[in-house]
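Presented below is the structure to which this report refers.
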Amino acid sequence: MERDQELTGGLWIRFLSAPDIDALGLSSAEIVDAVEDAVLAHGEGRVVFEPRVHLVPDNGGAGHFNVLRGHLLPPDAGQGLSGIKVVGDFVDNYLRGLPSELGLLTLYDPGTGIPLSIMDATMITACRTGAMTAVGAKYLARPDSRVLGHVGARGTAFWNVVLLDEMFDLDEIRVTSRRPESREGFARRLAEVTDTPVRVTPTADEAFDGADILVEASRLTRPQPLLRTKAVGPGAFVVPYGTVSAVELDLLDVMDKVVVDDWREAQSGRFGALRPHVDSGRLSPQTLYAELGQIVAGRRPGRERPDERILLWHRGLSILDIAVGSLILGKAQDAGVGTMLRYR
């Protein structure tokens with residue numbers, strides 16, 4: 001693999017495949033720190049952010065593409081990094097042995113427009129989503145949370161659970177998903193990396209019953225209430241982010257605080273766990289407590305009482321992809337990892 005300094009003439013782009021990225025050995029702490037820094041930048045206004053747009057092919061409902069765009073500025077006077085990610089959302093990909101969310105991230109020099117890197121963004125999408133759940137929990141969950149209830153076994157689910165397990169002294173992790181083989185396989189994978197007891201439940205109701213942290217990451221094709229309002233007890237931290245709504249309309253009525261990653265993103269597109277709540281006016285500037293960046297930046301308090309019920313809805317910000325992509329690119333440059341492609 002060629003190092004940058006060995007290349008002469010023309011413009012070159014570093015291509016990073018999934019195996020290339022795996023070889024870099026990113027730690028959980030590095031990923032969470034990169035995501036938290038990006039959320040802080042959002043709260044401090046050091047980003048140029050555009051809500052995602054959707055490309056929905058005429059494919060009989062097989063899936064759609066999300067296009068995410070953004071620019072992330074450093075805390076110093078540097079020019080930062082721009083990026084665009086395209087990620088598919090194809091629920092039945094498991095039938096082909098493929099992840100449901102296959103992504104590609106491109107990074108650019110914002111001063112010249114020169115493309116710097118093309119990289120697989122499948123792992124980036126999964127880990128930055130889990131890291132966002134963890135960052136939210138850091139500021140919004142009870143520090144003494146002991147039971148995690150998780151619905152969904154999609155690619156992001158593993159990172160949700162592992163990062164939360166590292167952050168909290170959990171007594172039990174409960175998992176479920178639509179297909180028995182999926183939830184059993186997910187539990188086996190988790191058991192390989194954690195000593196916390198993992199319990200498979202046949203239903204979402206059992207997974208969420210009495211849980212301190214409730215994460216809904218389902219893969220529905222039509223709305224269905226999996227996370228019921230009655231399951232949310234005092235002090236609970238709730239994270240619904242399925243593509244299609246899996247919560248009841250009155251869920252927000254019991255919440256003391258409702259937090260989103262970005263209010264413009266919450267209003268964009270046809271998908272999202274709280275889309276019916278936005279469309280009906282139940283979630284509005286008047287009922288929204290804060291964006292997470294405002295809390296991380298210290299502009300709004302996070303959890304203030306043990307009994308608060310707090311909800312975080314994160315749809316996925318482009319700046320998180322750019323932050324993790326920048327981390328990967330820097331490590332790859334230092335290690336000489338990747339394939340250099342002649343651009344011009």
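Chain identifiers are assigned as A, B, and so on, following the order in which chains appear in the structure tokens; residues are numbered from 1 within each chain, and ligands are numbered from 1 in order of appearance.
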Residues near stretch 100-117 of chain A, cut-off 8 Å, only C-alpha atoms, skip fewer than 5 positions along chain, as a ChimeraX atom specification: /A:12-16,79-94,122,125,154-155,321-322,325,329
Residue subset to file, keeping C-alpha atoms, as a compact mmCIF listing (two decimals), in the first residue's frame:
```txt
# COMPACT_ATOMS: atom_id res chain seq x y z
CA TRP A 12 -4.84 10.95 -5.45
CA ILE A 13 -7.74 9.69 -3.36
CA ARG A 14 -7.34 7.21 -0.53
CA PHE A 15 -9.84 4.36 -0.81
CA LEU A 16 -10.54 2.55 2.44
CA GLN A 79 -10.80 24.89 7.92
CA GLY A 80 -12.20 21.51 8.92
CA LEU A 81 -13.55 18.80 6.67
CA SER A 82 -16.56 18.39 4.40
CA GLY A 83 -18.30 15.13 3.63
CA ILE A 84 -21.18 13.36 1.94
CA LYS A 85 -22.52 9.93 2.84
CA VAL A 86 -24.94 7.80 0.88
CA VAL A 87 -26.38 4.88 2.84
CA GLY A 88 -29.00 2.40 1.78
CA ASP A 89 -31.82 1.18 3.99
CA PHE A 90 -32.89 -2.22 2.65
CA VAL A 91 -34.66 -4.28 5.31
CA ASP A 92 -34.57 -7.65 3.54
CA ASN A 93 -30.85 -7.62 2.74
CA TYR A 94 -30.36 -10.31 5.40
CA THR A 122 -21.22 0.56 6.83
CA THR A 125 -22.97 4.19 10.28
CA ARG A 154 -29.83 -4.39 13.08
CA GLY A 155 -26.23 -3.32 12.49
CA ASP A 321 -20.02 10.39 9.93
CA ILE A 322 -17.50 13.09 9.09
CA GLY A 325 -14.42 9.33 8.97
CA LEU A 329 -8.59 8.85 7.57
```
Do you have, as a tab-separated table, the list of residues of stretch 198-274 of chain A lying at most 8 Å from stretch 293-316 of chain A, each with its nearest atom pair and that distance in Å to one decimal, counting only C-alpha atoms and ordered by chain then number?
```
residue	atom	partner	partner_atom	distance
A:Val232	CA	A:Arg309	CA	7.5
A:Gly233	CA	A:Arg309	CA	7.2
A:Pro234	CA	A:Asp307	CA	4.8
A:Gly235	CA	A:Asp307	CA	3.9
A:Ala236	CA	A:Arg309	CA	5.0
A:Phe237	CA	A:Ile310	CA	5.1
A:Val238	CA	A:Leu311	CA	4.6
A:Val239	CA	A:Leu312	CA	5.1
A:Pro240	CA	A:Trp313	CA	5.9
A:Tyr241	CA	A:Trp313	CA	6.0
A:Val254	CA	A:Arg309	CA	7.3
A:Met255	CA	A:Arg309	CA	5.0
A:Asp256	CA	A:Arg309	CA	5.3
A:Lys257	CA	A:Ile310	CA	4.8
A:Val258	CA	A:Leu311	CA	4.9
A:Val259	CA	A:Leu312	CA	4.7
A:Val260	CA	A:Trp313	CA	4.8
A:Asp261	CA	A:His314	CA	5.0
A:Asp262	CA	A:His314	CA	7.7
A:Glu265	CA	A:Arg315	CA	7.2
A:Ala266	CA	A:Arg315	CA	7.0
A:Gly272	CA	A:Arg315	CA	6.9
A:Ala273	CA	A:Trp313	CA	7.7
A:Leu274	CA	A:Trp313	CA	7.6
```
Enumerate as a ChimeraX atom specification all residues of stretch 83-253 of chain A assigned to strand (DSSP E) by DSSP on the backbone, naming them with the chain letters and numbers the document uses. /A:83-89,103-108,115-120,147-151,172-176,198-200,213-216,237-240
Store the residues of this selection in a file with N, CA, C and O atoms, as a short mmCIF file (atom, residue, chain, number, x, y, z; two decimals), in the first residue's frame.
```cif
data_model
loop_
_atom_site.label_atom_id
_atom_site.label_comp_id
_atom_site.auth_asym_id
_atom_site.auth_seq_id
_atom_site.Cartn_x
_atom_site.Cartn_y
_atom_site.Cartn_z
N GLY A 83 -18.05 16.51 4.00
CA GLY A 83 -18.30 15.13 3.63
C GLY A 83 -19.72 14.88 3.17
O GLY A 83 -20.64 15.64 3.49
N ILE A 84 -19.87 13.82 2.41
CA ILE A 84 -21.18 13.36 1.94
C ILE A 84 -21.23 11.85 2.11
O ILE A 84 -20.30 11.13 1.72
N LYS A 85 -22.33 11.38 2.70
CA LYS A 85 -22.52 9.93 2.84
C LYS A 85 -23.81 9.53 2.15
O LYS A 85 -24.83 10.20 2.29
N VAL A 86 -23.75 8.43 1.43
CA VAL A 86 -24.94 7.80 0.88
C VAL A 86 -25.06 6.43 1.52
O VAL A 86 -24.12 5.63 1.47
N VAL A 87 -26.19 6.16 2.17
CA VAL A 87 -26.38 4.88 2.84
C VAL A 87 -27.74 4.32 2.49
O VAL A 87 -28.75 5.01 2.54
N GLY A 88 -27.75 3.07 2.10
CA GLY A 88 -29.00 2.40 1.78
C GLY A 88 -29.71 1.91 3.02
O GLY A 88 -29.09 1.70 4.07
N ASP A 89 -31.00 1.72 2.90
CA ASP A 89 -31.82 1.18 3.99
C ASP A 89 -32.72 0.12 3.37
O ASP A 89 -33.82 0.40 2.91
N GLY A 103 -23.15 1.63 3.25
CA GLY A 103 -22.90 3.05 3.05
C GLY A 103 -21.55 3.35 2.44
O GLY A 103 -20.62 2.53 2.47
N LEU A 104 -21.45 4.54 1.87
CA LEU A 104 -20.20 5.02 1.29
C LEU A 104 -20.03 6.49 1.68
O LEU A 104 -20.95 7.30 1.52
N LEU A 105 -18.86 6.81 2.23
CA LEU A 105 -18.56 8.18 2.68
C LEU A 105 -17.45 8.76 1.82
O LEU A 105 -16.44 8.10 1.57
N THR A 106 -17.64 9.99 1.36
CA THR A 106 -16.58 10.72 0.66
C THR A 106 -16.24 11.96 1.47
O THR A 106 -17.13 12.67 1.95
N LEU A 107 -14.95 12.24 1.62
CA LEU A 107 -14.47 13.39 2.37
C LEU A 107 -13.73 14.33 1.43
O LEU A 107 -13.04 13.89 0.50
N TYR A 108 -13.86 15.65 1.69
CA TYR A 108 -13.35 16.67 0.78
C TYR A 108 -12.60 17.76 1.53
O TYR A 108 -12.94 18.11 2.67
N PRO A 115 -11.31 15.93 -3.57
CA PRO A 115 -11.71 14.73 -2.83
C PRO A 115 -10.49 14.11 -2.14
O PRO A 115 -9.44 13.95 -2.75
N LEU A 116 -10.65 13.77 -0.88
CA LEU A 116 -9.55 13.23 -0.10
C LEU A 116 -9.65 11.73 0.10
O LEU A 116 -8.63 11.03 0.12
N SER A 117 -10.87 11.23 0.28
CA SER A 117 -11.01 9.82 0.59
C SER A 117 -12.40 9.32 0.21
O SER A 117 -13.38 10.06 0.28
N ILE A 118 -12.43 8.07 -0.18
CA ILE A 118 -13.67 7.31 -0.37
C ILE A 118 -13.56 6.13 0.57
O ILE A 118 -12.56 5.40 0.53
N MET A 119 -14.54 5.93 1.43
CA MET A 119 -14.43 4.82 2.38
C MET A 119 -15.76 4.12 2.61
O MET A 119 -16.83 4.73 2.50
N ASP A 120 -15.66 2.84 2.91
CA ASP A 120 -16.84 2.09 3.33
C ASP A 120 -17.41 2.75 4.57
O ASP A 120 -16.66 3.05 5.51
N VAL A 147 -30.79 -1.78 34.10
CA VAL A 147 -31.40 -2.70 33.14
C VAL A 147 -31.57 -2.00 31.80
O VAL A 147 -32.16 -0.92 31.72
N LEU A 148 -31.04 -2.62 30.76
CA LEU A 148 -31.17 -2.12 29.39
C LEU A 148 -32.12 -3.02 28.63
O LEU A 148 -31.92 -4.24 28.56
N GLY A 149 -33.18 -2.43 28.06
CA GLY A 149 -34.07 -3.16 27.17
C GLY A 149 -33.86 -2.68 25.75
O GLY A 149 -33.97 -1.48 25.48
N HIS A 150 -33.52 -3.60 24.83
CA HIS A 150 -33.19 -3.21 23.46
C HIS A 150 -34.01 -4.03 22.47
O HIS A 150 -33.98 -5.26 22.49
N VAL A 151 -34.74 -3.34 21.61
CA VAL A 151 -35.53 -3.99 20.56
C VAL A 151 -34.86 -3.71 19.22
O VAL A 151 -34.63 -2.55 18.86
N GLU A 172 -28.45 -6.37 33.78
CA GLU A 172 -29.09 -7.23 32.79
C GLU A 172 -29.28 -6.47 31.49
O GLU A 172 -29.59 -5.28 31.48
N ILE A 173 -29.06 -7.19 30.39
CA ILE A 173 -29.35 -6.68 29.05
C ILE A 173 -30.43 -7.58 28.46
O ILE A 173 -30.25 -8.80 28.38
N ARG A 174 -31.55 -6.98 28.06
CA ARG A 174 -32.62 -7.75 27.43
C ARG A 174 -32.69 -7.37 25.96
O ARG A 174 -32.69 -6.19 25.62
N VAL A 175 -32.77 -8.37 25.09
CA VAL A 175 -32.81 -8.10 23.66
C VAL A 175 -33.92 -8.90 23.01
O VAL A 175 -34.25 -10.01 23.44
N THR A 176 -34.47 -8.32 21.96
CA THR A 176 -35.44 -9.03 21.14
C THR A 176 -35.45 -8.43 19.75
O THR A 176 -34.91 -7.33 19.53
N VAL A 198 -27.16 -11.52 29.42
CA VAL A 198 -27.98 -11.14 28.27
C VAL A 198 -29.18 -12.09 28.21
O VAL A 198 -29.01 -13.31 28.14
N ARG A 199 -30.37 -11.52 28.24
CA ARG A 199 -31.59 -12.33 28.21
C ARG A 199 -32.38 -12.04 26.94
O ARG A 199 -32.67 -10.88 26.63
N VAL A 200 -32.71 -13.08 26.21
CA VAL A 200 -33.53 -12.95 25.01
C VAL A 200 -34.99 -13.03 25.42
O VAL A 200 -35.40 -13.95 26.15
N ILE A 213 -33.13 1.92 30.77
CA ILE A 213 -32.80 2.47 29.45
C ILE A 213 -33.55 1.64 28.42
O ILE A 213 -33.41 0.41 28.38
N LEU A 214 -34.35 2.30 27.58
CA LEU A 214 -35.17 1.61 26.59
C LEU A 214 -34.76 2.11 25.21
O LEU A 214 -34.89 3.30 24.91
N VAL A 215 -34.24 1.21 24.38
CA VAL A 215 -33.80 1.58 23.04
C VAL A 215 -34.64 0.81 22.02
O VAL A 215 -34.70 -0.42 22.06
N GLU A 216 -35.29 1.54 21.13
CA GLU A 216 -36.11 0.94 20.07
C GLU A 216 -35.42 1.19 18.75
O GLU A 216 -35.36 2.31 18.27
N PHE A 237 -34.77 6.47 30.58
CA PHE A 237 -34.18 7.13 29.43
C PHE A 237 -34.59 6.33 28.20
O PHE A 237 -34.36 5.13 28.12
N VAL A 238 -35.24 7.00 27.25
CA VAL A 238 -35.87 6.33 26.11
C VAL A 238 -35.25 6.82 24.81
O VAL A 238 -35.12 8.03 24.59
N VAL A 239 -34.86 5.87 23.95
CA VAL A 239 -34.25 6.21 22.66
C VAL A 239 -34.96 5.45 21.55
O VAL A 239 -34.64 4.30 21.26
N PRO A 240 -35.97 6.06 20.91
CA PRO A 240 -36.60 5.43 19.76
C PRO A 240 -36.01 5.99 18.46
O PRO A 240 -36.02 7.19 18.23
#
```
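When only C-alpha atoms are used to measure the gap to A:Phe158, the shortest distance among A:Val324, A:Ala187, A:Ala137, A:Met132 belongs to A:Ala187.
Here atom CA of A:Val247 and atom CA of A:Ile31 stand 28.9 Å from one another.
Reported to one decimal place, the separation of atom CA of A:Val162 from atom CA of A:Glu36 is 16.7 Å.
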